[in-house]
>>> print(open('final-v2.csv').read())   # CSV, C-alpha atoms and all ligand atoms
chain,number,residue,atom,x,y,z
F,1,MET,CA,-20.4,9.5,-16.1
F,2,LYS,CA,-19.9,6.8,-18.7
F,3,LEU,CA,-20.3,3.6,-16.6
F,4,ILE,CA,-20.5,0.1,-18.2
F,5,GLU,CA,-24.2,-0.7,-18.2
F,6,ARG,CA,-23.6,-4.5,-17.6
F,7,ILE,CA,-21.7,-3.6,-14.4
F,8,VAL,CA,-24.3,-1.1,-13.2
F,9,GLU,CA,-27.0,-3.7,-13.6
F,10,ARG,CA,-25.0,-5.9,-11.2
F,11,HIS,CA,-24.5,-3.2,-8.6
F,12,GLY,CA,-26.7,-4.9,-6.0
F,13,GLN,CA,-25.0,-8.3,-6.5
F,14,LEU,CA,-21.6,-6.7,-6.2
F,15,ALA,CA,-22.5,-4.7,-3.1
F,16,GLY,CA,-23.7,-8.0,-1.6
F,17,TRP,CA,-20.3,-9.6,-2.3
F,18,ARG,CA,-18.6,-6.6,-0.7
F,19,GLN,CA,-20.7,-6.6,2.4
F,20,ASP,CA,-20.2,-10.4,2.8
F,21,ILE,CA,-16.4,-9.9,2.7
F,22,HIS,CA,-16.7,-7.0,5.1
F,23,ALA,CA,-18.6,-9.2,7.5
F,24,HIS,CA,-15.8,-11.8,7.4
F,25,PRO,CA,-12.5,-9.9,7.7
F,26,GLU,CA,-9.3,-11.9,7.7
F,27,LEU,CA,-5.8,-10.6,8.6
F,28,GLY,CA,-2.7,-10.8,6.4
F,29,PHE,CA,-1.8,-14.3,5.1
F,30,GLN,CA,-4.9,-15.7,6.8
F,31,GLU,CA,-7.3,-14.8,4.0
F,32,GLU,CA,-8.5,-18.4,3.5
F,33,ARG,CA,-12.2,-17.7,3.2
F,34,THR,CA,-11.7,-14.5,1.1
F,35,ALA,CA,-9.2,-16.3,-1.3
F,36,ALA,CA,-11.5,-19.3,-1.7
F,37,LEU,CA,-14.4,-16.9,-2.5
F,38,VAL,CA,-12.3,-15.0,-5.0
F,39,ALA,CA,-11.0,-18.2,-6.7
F,40,GLU,CA,-14.5,-19.7,-6.8
F,41,ARG,CA,-16.0,-16.5,-8.5
F,42,LEU,CA,-13.1,-16.2,-11.0
F,43,ALA,CA,-13.6,-19.9,-12.0
F,44,SER,CA,-17.3,-19.4,-12.4
F,45,PHE,CA,-16.6,-16.4,-14.8
F,46,GLY,CA,-14.4,-18.7,-16.9
F,47,CYS,CA,-11.0,-17.5,-15.7
F,48,GLU,CA,-8.0,-19.9,-15.4
F,49,VAL,CA,-7.3,-19.7,-11.6
F,50,HIS,CA,-4.1,-20.2,-9.6
F,51,THR,CA,-4.1,-20.2,-5.8
F,52,GLY,CA,-1.5,-20.2,-3.0
F,53,ILE,CA,0.8,-17.6,-4.6
F,54,GLY,CA,2.8,-15.9,-2.0
F,55,GLY,CA,0.7,-17.5,0.7
F,56,THR,CA,-3.0,-16.9,0.1
F,57,GLY,CA,-2.6,-14.9,-3.1
F,58,VAL,CA,-4.9,-15.7,-6.1
F,59,VAL,CA,-4.4,-15.0,-9.8
F,60,GLY,CA,-7.1,-15.3,-12.4
F,61,THR,CA,-6.3,-15.2,-16.1
F,62,LEU,CA,-8.5,-14.4,-19.1
F,63,GLU,CA,-7.5,-14.5,-22.8
F,64,ALA,CA,-9.1,-13.1,-25.9
F,65,GLY,CA,-7.8,-12.8,-29.5
F,66,SER,CA,-4.3,-13.7,-30.6
F,67,ASN,CA,-2.2,-10.7,-29.5
F,68,SER,CA,0.6,-11.2,-27.1
F,69,GLY,CA,0.0,-8.1,-25.0
F,70,THR,CA,-0.6,-8.7,-21.3
F,71,ILE,CA,-1.8,-6.6,-18.4
F,72,GLY,CA,-2.1,-7.1,-14.7
F,73,LEU,CA,-4.7,-5.6,-12.3
F,74,ARG,CA,-4.1,-5.9,-8.6
F,75,ALA,CA,-6.4,-5.8,-5.5
F,76,ASP,CA,-5.6,-6.5,-1.9
F,77,MET,CA,-7.7,-8.8,0.4
F,78,ASP,CA,-6.6,-8.4,4.0
F,79,ALA,CA,-8.3,-6.7,6.9
F,80,LEU,CA,-6.8,-4.9,10.0
F,81,PRO,CA,-6.6,-5.8,13.7
F,82,ILE,CA,-9.2,-3.2,14.7
F,83,GLN,CA,-12.4,-3.7,16.7
F,84,GLU,CA,-15.2,-2.4,14.4
F,85,ALA,CA,-17.4,0.4,15.9
F,86,ASN,CA,-20.1,0.3,13.2
F,87,THR,CA,-23.5,-1.2,13.9
F,88,PHE,CA,-24.9,-1.8,10.4
F,89,ASP,CA,-25.9,-5.3,9.4
F,90,HIS,CA,-22.7,-6.1,7.5
F,91,ARG,CA,-20.4,-5.2,10.4
F,92,SER,CA,-17.5,-7.5,11.2
F,93,THR,CA,-18.5,-10.9,12.7
F,94,HIS,CA,-15.0,-11.4,14.0
F,95,ASP,CA,-13.9,-9.6,17.2
F,96,GLY,CA,-10.8,-7.5,16.8
F,97,ARG,CA,-10.7,-7.6,13.0
F,98,MET,CA,-12.3,-5.3,10.4
F,99,HIS,CA,-12.0,-4.1,6.9
F,100,ALA,CA,-11.0,-0.6,7.8
F,101,CYS,CA,-9.0,0.1,4.7
F,102,GLY,CA,-11.6,-0.8,2.0
F,103,HIS,CA,-9.7,-3.9,0.7
F,104,ASP,CA,-13.2,-5.6,0.7
F,105,GLY,CA,-14.2,-3.0,-1.9
F,106,HIS,CA,-11.0,-3.3,-3.9
F,107,THR,CA,-11.4,-7.0,-4.2
F,108,THR,CA,-15.1,-6.6,-5.2
F,109,MET,CA,-14.4,-4.0,-7.9
F,110,LEU,CA,-11.7,-6.2,-9.5
F,111,LEU,CA,-14.1,-9.2,-9.4
F,112,GLY,CA,-16.8,-7.0,-11.1
F,113,ALA,CA,-14.3,-6.1,-13.8
F,114,ALA,CA,-13.2,-9.7,-14.3
F,115,GLN,CA,-16.9,-10.8,-14.6
F,116,TYR,CA,-17.6,-8.3,-17.3
F,117,LEU,CA,-14.4,-8.9,-19.2
F,118,ALA,CA,-15.0,-12.7,-19.1
F,119,GLU,CA,-18.5,-12.2,-20.6
F,120,THR,CA,-17.6,-9.7,-23.3
F,121,ARG,CA,-13.9,-10.4,-24.1
F,122,GLN,CA,-13.6,-7.2,-26.1
F,123,PHE,CA,-9.8,-7.1,-25.8
F,124,ASN,CA,-7.0,-8.8,-27.6
F,125,GLY,CA,-4.4,-10.4,-25.3
F,126,ARG,CA,-4.2,-11.7,-21.8
F,127,ALA,CA,-5.4,-10.1,-18.5
F,128,HIS,CA,-4.2,-11.3,-15.1
F,129,PHE,CA,-6.3,-10.4,-12.0
F,130,VAL,CA,-4.0,-10.4,-9.0
F,131,PHE,CA,-5.5,-10.7,-5.5
F,132,GLN,CA,-2.8,-10.2,-3.0
F,133,PRO,CA,-2.6,-11.1,0.7
F,134,ALA,CA,-1.2,-9.0,3.6
F,135,GLU,CA,-0.9,-5.5,2.3
F,136,GLU,CA,-1.0,-4.0,5.8
F,137,GLY,CA,2.7,-4.1,6.6
F,138,LEU,CA,3.2,-7.8,6.4
F,139,GLY,CA,4.7,-8.0,3.0
F,140,GLY,CA,2.1,-9.7,0.8
F,141,ALA,CA,3.1,-8.0,-2.4
F,142,LYS,CA,6.7,-8.9,-1.8
F,143,ALA,CA,5.7,-12.5,-1.0
F,144,MET,CA,3.9,-12.8,-4.4
F,145,VAL,CA,6.8,-11.3,-6.2
F,146,GLU,CA,9.2,-13.7,-4.5
F,147,ASP,CA,6.9,-16.6,-5.4
F,148,GLY,CA,7.5,-15.8,-9.1
F,149,LEU,CA,4.4,-13.7,-9.8
F,150,PHE,CA,5.9,-11.9,-12.8
F,151,GLN,CA,7.7,-15.0,-14.1
F,152,ARG,CA,4.7,-17.2,-13.9
F,153,PHE,CA,2.3,-14.5,-15.2
F,154,PRO,CA,4.4,-12.1,-17.4
F,155,MET,CA,2.8,-8.7,-17.6
F,156,ASP,CA,3.7,-5.7,-19.7
F,157,ALA,CA,2.1,-3.4,-17.1
F,158,ILE,CA,0.3,-3.7,-13.8
F,159,PHE,CA,-2.3,-1.4,-12.2
F,160,GLY,CA,-3.7,-1.0,-8.7
F,161,MET,CA,-6.2,1.3,-7.1
F,162,HIS,CA,-7.0,2.5,-3.5
F,163,ASN,CA,-10.1,4.3,-2.3
F,164,LYS,CA,-9.5,7.7,-0.8
F,165,PRO,CA,-11.8,9.1,1.9
F,166,GLY,CA,-12.0,12.9,1.6
F,167,LEU,CA,-12.0,12.7,-2.2
F,168,GLU,CA,-15.6,13.1,-3.6
F,169,THR,CA,-17.2,10.1,-5.2
F,170,GLY,CA,-16.9,10.2,-9.0
F,171,ARG,CA,-13.4,11.6,-8.8
F,172,PHE,CA,-9.9,10.1,-9.4
F,173,SER,CA,-6.5,11.2,-8.4
F,174,ILE,CA,-3.1,10.0,-9.6
F,175,ARG,CA,0.4,11.5,-10.2
F,176,PRO,CA,3.3,10.4,-12.3
F,177,GLY,CA,6.6,9.4,-10.6
F,178,PRO,CA,6.8,9.0,-6.8
F,179,MET,CA,3.2,9.1,-5.4
F,180,MET,CA,3.6,7.4,-2.0
F,181,ALA,CA,6.6,7.6,0.3
F,182,GLY,CA,8.8,4.7,1.1
F,183,GLY,CA,9.5,4.0,4.7
F,184,GLY,CA,12.0,2.3,6.9
F,185,PHE,CA,12.7,1.8,10.6
F,186,PHE,CA,16.0,2.2,12.3
F,187,ASP,CA,17.5,1.0,15.6
F,188,ILE,CA,20.6,2.3,17.4
F,189,THR,CA,22.2,0.5,20.3
F,190,LEU,CA,24.8,2.4,22.2
F,191,THR,CA,27.2,0.6,24.6
F,192,GLY,CA,29.3,2.7,27.0
F,193,ARG,CA,30.6,2.1,30.5
F,194,GLY,CA,28.4,2.5,33.5
F,195,ALA,CA,29.5,4.2,36.7
F,196,HIS,CA,28.4,5.9,39.9
F,197,GLY,CA,26.5,9.0,39.1
F,198,ALA,CA,28.9,11.0,41.2
F,199,HIS,CA,31.9,9.7,39.3
F,200,PRO,CA,31.4,10.5,35.6
F,201,GLU,CA,35.2,10.4,35.0
F,202,SER,CA,34.9,6.6,35.3
F,203,SER,CA,32.2,6.3,32.7
F,204,ALA,CA,31.6,6.4,29.0
F,205,ASP,CA,28.1,8.0,29.2
F,206,PRO,CA,25.6,6.6,26.7
F,207,ILE,CA,23.0,9.1,27.7
F,208,VAL,CA,25.1,12.1,26.7
F,209,ALA,CA,25.9,10.3,23.4
F,210,ALA,CA,22.2,9.5,22.8
F,211,ALA,CA,21.2,13.1,23.4
F,212,GLN,CA,23.8,14.4,21.0
F,213,ILE,CA,22.9,11.8,18.4
F,214,VAL,CA,19.2,12.8,18.6
F,215,SER,CA,20.1,16.5,18.1
F,216,ALA,CA,22.5,15.9,15.3
F,217,LEU,CA,20.1,13.6,13.4
F,218,GLN,CA,17.8,16.7,13.0
F,219,SER,CA,20.4,18.1,10.7
F,220,VAL,CA,20.0,15.3,8.1
F,221,VAL,CA,16.8,16.6,6.6
F,222,ALA,CA,17.5,20.2,7.4
F,223,ARG,CA,21.1,20.3,6.1
F,224,ASN,CA,21.8,17.3,3.9
F,225,VAL,CA,18.6,16.5,2.0
F,226,ASP,CA,18.0,18.6,-1.1
F,227,PRO,CA,15.4,21.3,-0.1
F,228,GLN,CA,13.5,20.4,-3.3
F,229,ASP,CA,13.2,16.8,-2.2
F,230,THR,CA,11.0,15.5,0.7
F,231,ALA,CA,12.0,13.4,3.7
F,232,VAL,CA,11.1,12.8,7.3
F,233,LEU,CA,13.4,11.5,10.0
F,234,SER,CA,11.7,11.0,13.4
F,235,VAL,CA,13.4,9.5,16.5
F,236,THR,CA,10.5,7.9,18.2
F,237,ARG,CA,12.2,5.8,20.9
F,238,LEU,CA,14.9,6.6,23.4
F,239,LEU,CA,15.4,4.2,26.2
F,240,SER,CA,18.1,4.2,28.9
F,241,GLY,CA,18.7,4.2,32.7
F,242,ASP,CA,16.8,3.2,35.8
F,243,ALA,CA,18.3,5.1,38.7
F,244,TYR,CA,19.2,8.7,39.8
F,245,ASN,CA,22.7,7.9,40.8
F,246,VAL,CA,23.8,5.4,38.1
F,247,ILE,CA,25.2,6.2,34.7
F,248,PRO,CA,23.9,3.3,32.7
F,249,ASN,CA,25.9,1.0,30.5
F,250,GLY,CA,23.8,1.5,27.4
F,251,ALA,CA,21.0,3.3,25.5
F,252,THR,CA,18.8,2.4,22.6
F,253,LEU,CA,17.2,4.7,20.1
F,254,GLY,CA,14.7,3.9,17.3
F,255,GLY,CA,12.7,5.8,14.7
F,256,THR,CA,11.4,6.0,11.2
F,257,VAL,CA,12.5,7.5,7.9
F,258,ARG,CA,10.1,8.4,5.0
F,259,ALA,CA,11.0,9.7,1.5
F,260,PHE,CA,9.7,9.6,-2.1
F,261,GLN,CA,13.0,8.7,-3.7
F,262,PRO,CA,14.8,5.4,-3.1
F,263,ALA,CA,18.1,7.2,-3.3
F,264,THR,CA,16.9,9.6,-0.6
F,265,LEU,CA,16.0,6.8,1.7
F,266,GLU,CA,19.4,5.3,1.1
F,267,PHE,CA,21.1,8.6,1.6
F,268,VAL,CA,19.3,9.3,4.9
F,269,ASP,CA,20.1,5.8,6.1
F,270,LYS,CA,23.8,6.4,5.3
F,271,ARG,CA,23.9,9.8,7.1
F,272,ILE,CA,22.2,8.3,10.2
F,273,GLY,CA,24.9,5.7,10.3
F,274,GLU,CA,27.8,8.2,9.8
F,275,ILE,CA,26.5,10.7,12.4
F,276,THR,CA,25.8,7.9,14.9
F,277,ARG,CA,29.2,6.2,14.6
F,278,HIS,CA,31.2,9.4,14.7
F,279,ILE,CA,29.5,10.9,17.7
F,280,ALA,CA,29.7,7.6,19.5
F,281,GLU,CA,33.4,7.3,18.7
F,282,GLY,CA,34.1,10.8,19.8
F,283,LEU,CA,32.5,10.1,23.2
F,284,GLY,CA,34.0,6.7,23.7
F,285,VAL,CA,30.8,4.8,23.2
F,286,THR,CA,30.3,2.0,20.6
F,287,ALA,CA,27.3,2.1,18.3
F,288,ASP,CA,25.4,-0.6,16.5
F,289,TYR,CA,23.1,0.9,13.8
F,290,ARG,CA,20.6,-1.0,11.8
F,291,PHE,CA,18.1,0.1,9.1
F,292,ARG,CA,15.2,-1.9,7.8
F,293,LEU,CA,13.3,-0.9,4.6
F,294,ILE,CA,9.6,-1.7,5.2
F,295,PHE,CA,8.2,-0.3,1.9
F,296,PRO,CA,10.0,1.1,-1.1
F,297,PRO,CA,8.5,4.4,-2.4
F,298,LEU,CA,5.6,3.8,-4.8
F,299,VAL,CA,6.6,5.1,-8.2
F,300,ASN,CA,4.1,5.5,-11.1
F,301,GLU,CA,5.6,4.9,-14.5
F,302,GLU,CA,4.8,7.9,-16.9
F,303,THR,CA,3.2,6.0,-19.8
F,304,ALA,CA,1.1,3.8,-17.5
F,305,THR,CA,0.0,6.9,-15.5
F,306,ARG,CA,-1.1,8.7,-18.7
F,307,LEU,CA,-3.1,5.6,-19.8
F,308,ALA,CA,-4.7,5.3,-16.4
F,309,GLY,CA,-5.5,9.0,-16.5
F,310,ASP,CA,-6.9,8.8,-20.0
F,311,VAL,CA,-9.1,5.8,-19.1
F,312,ALA,CA,-10.4,7.6,-15.9
F,313,ALA,CA,-11.1,10.9,-17.9
F,314,ALA,CA,-13.1,9.0,-20.5
F,315,ILE,CA,-15.4,7.7,-17.7
F,316,VAL,CA,-15.7,10.7,-15.4
F,317,SER,CA,-14.4,13.6,-17.6
F,318,GLU,CA,-11.1,15.4,-17.3
F,319,THR,CA,-12.7,17.8,-14.7
F,320,HIS,CA,-13.1,15.0,-12.2
F,321,LEU,CA,-9.6,13.8,-12.5
F,322,ASP,CA,-6.5,15.2,-10.9
F,323,ARG,CA,-3.5,14.0,-13.0
F,324,ASN,CA,-1.1,15.7,-10.6
F,325,GLY,CA,-2.5,14.7,-7.3
F,326,PRO,CA,-0.7,15.1,-4.0
F,327,GLY,CA,2.1,13.0,-2.9
F,328,ILE,CA,1.3,10.9,0.2
F,329,MET,CA,3.7,10.3,3.1
F,330,ALA,CA,2.0,7.0,4.0
F,331,SER,CA,3.3,3.8,2.3
F,332,GLU,CA,1.7,1.0,0.2
F,333,ASP,CA,3.3,-2.3,-0.7
F,334,PHE,CA,2.1,-2.3,-4.3
F,335,SER,CA,5.4,-0.5,-4.6
F,336,TYR,CA,7.1,-4.0,-4.6
F,337,MET,CA,5.2,-4.9,-7.7
F,338,LEU,CA,5.9,-1.6,-9.4
F,339,ASN,CA,9.6,-2.1,-8.8
F,340,GLU,CA,9.4,-5.3,-10.9
F,341,CYS,CA,6.9,-4.2,-13.6
F,342,PRO,CA,5.9,-0.8,-15.0
F,343,GLY,CA,2.5,0.4,-14.0
F,344,ALA,CA,0.5,2.9,-12.0
F,345,TYR,CA,-1.6,3.3,-8.8
F,346,MET,CA,-4.8,5.2,-8.9
F,347,ASN,CA,-6.9,6.8,-6.1
F,348,ILE,CA,-10.7,6.7,-6.4
F,349,GLY,CA,-12.8,9.0,-4.3
F,350,ASN,CA,-14.7,7.2,-1.4
F,351,GLY,CA,-16.7,10.3,-0.6
F,352,GLY,CA,-15.6,13.7,0.9
F,353,GLU,CA,-18.7,14.9,2.6
F,354,GLU,CA,-18.5,16.6,6.0
F,355,GLY,CA,-17.5,14.2,8.7
F,356,TYR,CA,-16.2,11.5,6.3
F,357,CYS,CA,-14.2,8.8,8.0
F,358,GLU,CA,-10.6,8.0,7.3
F,359,VAL,CA,-9.2,4.6,6.6
F,360,HIS,CA,-7.8,2.6,9.6
F,361,ASN,CA,-10.6,4.2,11.8
F,362,PRO,CA,-13.1,1.8,13.6
F,363,GLY,CA,-16.0,3.7,12.0
F,364,TYR,CA,-14.8,3.4,8.4
F,365,ASP,CA,-16.7,1.6,5.7
F,366,PHE,CA,-16.0,1.3,2.0
F,367,ASN,CA,-18.6,3.2,-0.1
F,368,ASP,CA,-20.6,0.7,-2.1
F,369,GLU,CA,-21.7,3.6,-4.4
F,370,ILE,CA,-18.3,3.6,-6.1
F,371,ILE,CA,-18.2,-0.1,-7.0
F,372,PRO,CA,-19.5,0.3,-10.6
F,373,LEU,CA,-17.1,3.2,-11.2
F,374,GLY,CA,-14.1,1.2,-9.9
F,375,ALA,CA,-15.0,-1.9,-11.8
F,376,THR,CA,-15.6,0.1,-15.0
F,377,PHE,CA,-12.2,1.8,-14.6
F,378,PHE,CA,-10.5,-1.6,-14.3
F,379,ALA,CA,-12.4,-3.1,-17.2
F,380,ARG,CA,-11.7,-0.1,-19.5
F,381,LEU,CA,-8.1,-0.2,-18.6
F,382,VAL,CA,-7.8,-3.7,-19.9
F,383,GLU,CA,-9.8,-2.9,-23.1
F,384,SER,CA,-7.7,0.3,-23.7
F,385,ARG,CA,-4.3,-1.3,-23.1
F,386,LEU,CA,-5.0,-4.5,-24.9
F,387,ASN,CA,-6.6,-3.0,-28.0
F,388,ALA,CA,-4.0,-0.2,-28.4
M,401,ZN,ZN,-4.5,0.3,5.1
M,402,ZN,ZN,-5.3,-0.1,2.1
>>> encode(input="final-v2.csv", output="structure tokens")
Amino acid sequence: MKLIERIVERHGQLAGWRQDIHAHPELGFQEERTAALVAERLASFGCEVHTGIGGTGVVGTLEAGSNSGTIGLRADMDALPIQEANTFDHRSTHDGRMHACGHDGHTTMLLGAAQYLAETRQFNGRAHFVFQPAEEGLGGAKAMVEDGLFQRFPMDAIFGMHNKPGLETGRFSIRPGPMMAGGGFFDITLTGRGAHGAHPESSADPIVAAAQIVSALQSVVARNVDPQDTAVLSVTRLLSGDAYNVIPNGATLGGTVRAFQPATLEFVDKRIGEITRHIAEGLGVTADYRFRLIFPPLVNEETATRLAGDVAAAIVSETHLDRNGPGIMASEDFSYMLNECPGAYMNIGNGGEEGYCEVHNPGYDFNDEIIPLGATFFARLVESRLNA
């Protein structure tokens, strides 16, 4: 493995930073301590530092040479509302909050890369280090984009990385095109006409309508979505009625849709609306249907994906890189940044030994062993892109 020696020498220091962040987890948009620590480190390296972007977001900028090329590297800083079950020394000092997704590690790897790049400046252009708040479903990437991230810090390409439990250390995985599903939530409110349970002729029964809608929605993925494409439609809520002898006035349904193509999400949204309205109309019930996009699909741009793959292969060798890794049905809000700027998202192995712990589990911990590898990857990405 061709790690950057200067970064390897700092492994102990970087692991200390990571464990300190782990011990002080902060939820989305509340990353005051973490953002201050990041800003202070970036300034000490010699970066130009901007804080308060999209809430608690931080951007550090480095320049070298006279080329106009720019690159962005992004890490996330937030923790989760989970009670940590670990008992090691660096466990969370805050009840009900923990770094169970490894964002403490992502932040540290990017700091490690910034530190090395600031010292050596073997690139020609401008590098922006983007530390975003609130990745865990609260819209931190969107907030930074809406706060003018790409206008204030123009970038030719942006890259992000997530650790992956189950993938051995020393390995990377990426895929061109859609890599993580986009997701949305939907709500259906049916309004009928209630009646005595023994007099259905006086009612417009919302329960019968709800039951038919749930069944009919199963046909969207099975009969409407291209079999070569992938989508999930799950009805996860169905609420109505309180009594045995009362046909209720209304019913509500809710659920989630996941797909890798934005057009597929839109198509499934449209079909849910059509099916719902027509069944309701046929049964004399009115339907109000709403769909909320939570995350767009994460789509890796081809050229950026190839570059990220080449950089990873140069460090760990082609045999430890999967350039056509699996698509993931979970979502990731870096997709909001990739919708504005071409780039790619890499997975780095967090360890795949027997009994490894998944992210969002109270027993999870980021693997400090991979810090030098992740930092080397980020640093080499800047040097490769800005010297090309
Ligand atoms: Zn997470
Ligand atoms: Zn995460």
>>> closest_atom_pairs(input="final-v2.csv", of="chain F", to="ligand ZN 402 (chain M)", cutoff="7 Å", atoms="all atoms listed in the file", output="tab-separated table")
residue	atom	partner	partner_atom	distance
F:Cys101	CA	M:ZN402	ZN	4.5
F:Gly102	CA	M:ZN402	ZN	6.3
F:His103	CA	M:ZN402	ZN	6.0
F:Glu135	CA	M:ZN402	ZN	7.0
F:Glu136	CA	M:ZN402	ZN	6.9
F:His162	CA	M:ZN402	ZN	6.4
>>> residues_around(input="final-v2.csv", residues="Arg91 of chain F", least_positions_apart="2", cutoff="6 Å", atoms="all atoms listed in the file", output="list in words")
Ala23, Phe88 and Asp89 of chain F
>>> residues_around(input="final-v2.csv", residues="Val246 of chain F", least_positions_apart="3", cutoff="7 Å", atoms="all atoms listed in the file", output="PDB file with C-alpha atoms, in the coordinates of the input")
ATOM      1  CA  ALA F 195      29.500   4.200  36.700  1.00  0.00           C
ATOM      2  CA  HIS F 196      28.400   5.900  39.900  1.00  0.00           C
ATOM      3  CA  GLY F 197      26.500   9.000  39.100  1.00  0.00           C
ATOM      4  CA  ALA F 243      18.300   5.100  38.700  1.00  0.00           C
TER       5      ALA F 243
END
>>> atom_distance(input="final-v2.csv", atom1="atom CA of Thr276 of chain F", atom2="atom CA of Val214 of chain F")
9.0 Å
>>> closest_atom_pairs(input="final-v2.csv", of="segment 239-320 of chain F", to="segment 168-184 of chain F", cutoff="9 Å", atoms="all atoms listed in the file", output="CSV")
residue,atom,partner,partner_atom,distance
F:Gly255,CA,F:Gly184,CA,8.6
F:Thr256,CA,F:Gly184,CA,5.7
F:Val257,CA,F:Gly184,CA,5.3
F:Arg258,CA,F:Gly183,CA,4.5
F:Ala259,CA,F:Ala181,CA,5.0
F:Phe260,CA,F:Ala181,CA,4.4
F:Gln261,CA,F:Pro178,CA,6.9
F:Pro262,CA,F:Gly182,CA,7.4
F:Leu265,CA,F:Gly182,CA,7.5
F:Asp269,CA,F:Gly184,CA,8.9
F:Phe291,CA,F:Gly184,CA,6.8
F:Arg292,CA,F:Gly184,CA,5.4
F:Leu293,CA,F:Gly184,CA,4.1
F:Ile294,CA,F:Gly184,CA,5.0
F:Phe295,CA,F:Gly182,CA,5.1
F:Pro296,CA,F:Gly182,CA,4.4
F:Pro297,CA,F:Gly182,CA,3.5
F:Leu298,CA,F:Met180,CA,5.0
F:Val299,CA,F:Pro178,CA,4.1
F:Asn300,CA,F:Gly177,CA,4.7
F:Glu301,CA,F:Gly177,CA,6.0
F:Glu302,CA,F:Pro176,CA,5.4
F:Thr303,CA,F:Pro176,CA,8.7
F:Ala304,CA,F:Pro176,CA,8.7
F:Thr305,CA,F:Pro176,CA,5.8
F:Arg306,CA,F:Pro176,CA,8.0
F:Ala308,CA,F:Ile174,CA,8.4
F:Gly309,CA,F:Ile174,CA,7.4
F:Ala312,CA,F:Phe172,CA,7.0
F:Ala313,CA,F:Phe172,CA,8.6
F:Val316,CA,F:Gly170,CA,6.5
F:Thr319,CA,F:Arg171,CA,8.6
F:His320,CA,F:Arg171,CA,4.8
>>> residues_near_ligand(input="final-v2.csv", ligand="ligand ZN 401 (chain M)", cutoff="12 Å", atoms="only C-alpha atoms and all ligand atoms", output="VMD selection string")
chain F and resid 27 to 28 76 to 82 98 to 104 106 134 to 138 162 to 165 330 to 334 358 to 361 364 366
>>> write_last_selection(input="final-v2.csv", atoms="C-alpha atoms", output="PDB file, keeping the file's coordinate frame")
ATOM      1  CA  LEU F  27      -5.800 -10.600   8.600  1.00  0.00           C
ATOM      2  CA  GLY F  28      -2.700 -10.800   6.400  1.00  0.00           C
ATOM      3  CA  ASP F  76      -5.600  -6.500  -1.900  1.00  0.00           C
ATOM      4  CA  MET F  77      -7.700  -8.800   0.400  1.00  0.00           C
ATOM      5  CA  ASP F  78      -6.600  -8.400   4.000  1.00  0.00           C
ATOM      6  CA  ALA F  79      -8.300  -6.700   6.900  1.00  0.00           C
ATOM      7  CA  LEU F  80      -6.800  -4.900  10.000  1.00  0.00           C
ATOM      8  CA  PRO F  81      -6.600  -5.800  13.700  1.00  0.00           C
ATOM      9  CA  ILE F  82      -9.200  -3.200  14.700  1.00  0.00           C
ATOM     10  CA  MET F  98     -12.300  -5.300  10.400  1.00  0.00           C
ATOM     11  CA  HIS F  99     -12.000  -4.100   6.900  1.00  0.00           C
ATOM     12  CA  ALA F 100     -11.000  -0.600   7.800  1.00  0.00           C
ATOM     13  CA  CYS F 101      -9.000   0.100   4.700  1.00  0.00           C
ATOM     14  CA  GLY F 102     -11.600  -0.800   2.000  1.00  0.00           C
ATOM     15  CA  HIS F 103      -9.700  -3.900   0.700  1.00  0.00           C
ATOM     16  CA  ASP F 104     -13.200  -5.600   0.700  1.00  0.00           C
ATOM     17  CA  HIS F 106     -11.000  -3.300  -3.900  1.00  0.00           C
ATOM     18  CA  ALA F 134      -1.200  -9.000   3.600  1.00  0.00           C
ATOM     19  CA  GLU F 135      -0.900  -5.500   2.300  1.00  0.00           C
ATOM     20  CA  GLU F 136      -1.000  -4.000   5.800  1.00  0.00           C
ATOM     21  CA  GLY F 137       2.700  -4.100   6.600  1.00  0.00           C
ATOM     22  CA  LEU F 138       3.200  -7.800   6.400  1.00  0.00           C
ATOM     23  CA  HIS F 162      -7.000   2.500  -3.500  1.00  0.00           C
ATOM     24  CA  ASN F 163     -10.100   4.300  -2.300  1.00  0.00           C
ATOM     25  CA  LYS F 164      -9.500   7.700  -0.800  1.00  0.00           C
ATOM     26  CA  PRO F 165     -11.800   9.100   1.900  1.00  0.00           C
ATOM     27  CA  ALA F 330       2.000   7.000   4.000  1.00  0.00           C
ATOM     28  CA  SER F 331       3.300   3.800   2.300  1.00  0.00           C
ATOM     29  CA  GLU F 332       1.700   1.000   0.200  1.00  0.00           C
ATOM     30  CA  ASP F 333       3.300  -2.300  -0.700  1.00  0.00           C
ATOM     31  CA  PHE F 334       2.100  -2.300  -4.300  1.00  0.00           C
ATOM     32  CA  GLU F 358     -10.600   8.000   7.300  1.00  0.00           C
ATOM     33  CA  VAL F 359      -9.200   4.600   6.600  1.00  0.00           C
ATOM     34  CA  HIS F 360      -7.800   2.600   9.600  1.00  0.00           C
ATOM     35  CA  ASN F 361     -10.600   4.200  11.800  1.00  0.00           C
ATOM     36  CA  TYR F 364     -14.800   3.400   8.400  1.00  0.00           C
ATOM     37  CA  PHE F 366     -16.000   1.300   2.000  1.00  0.00           C
TER      38      PHE F 366
END
>>> residues_around(input="final-v2.csv", residues="Leu3 of chain F", least_positions_apart="2", cutoff="7 Å", atoms="only C-alpha atoms", output="PyMOL selection string")
chain F and resi 1+5+315+372-373+376
>>> closest_residue(input="final-v2.csv", among="F:Met337, F:Ala314, F:Met329, F:Ala210", to="Gly139 of chain F", atoms="only C-alpha atoms")
F:Met337
>>> residues_around(input="final-v2.csv", residues="Gly192 of chain F", least_positions_apart="6", cutoff="8 Å", atoms="all atoms listed in the file", output="NGL selection string")
:F and (203-206 or 248-250 or 284-286)
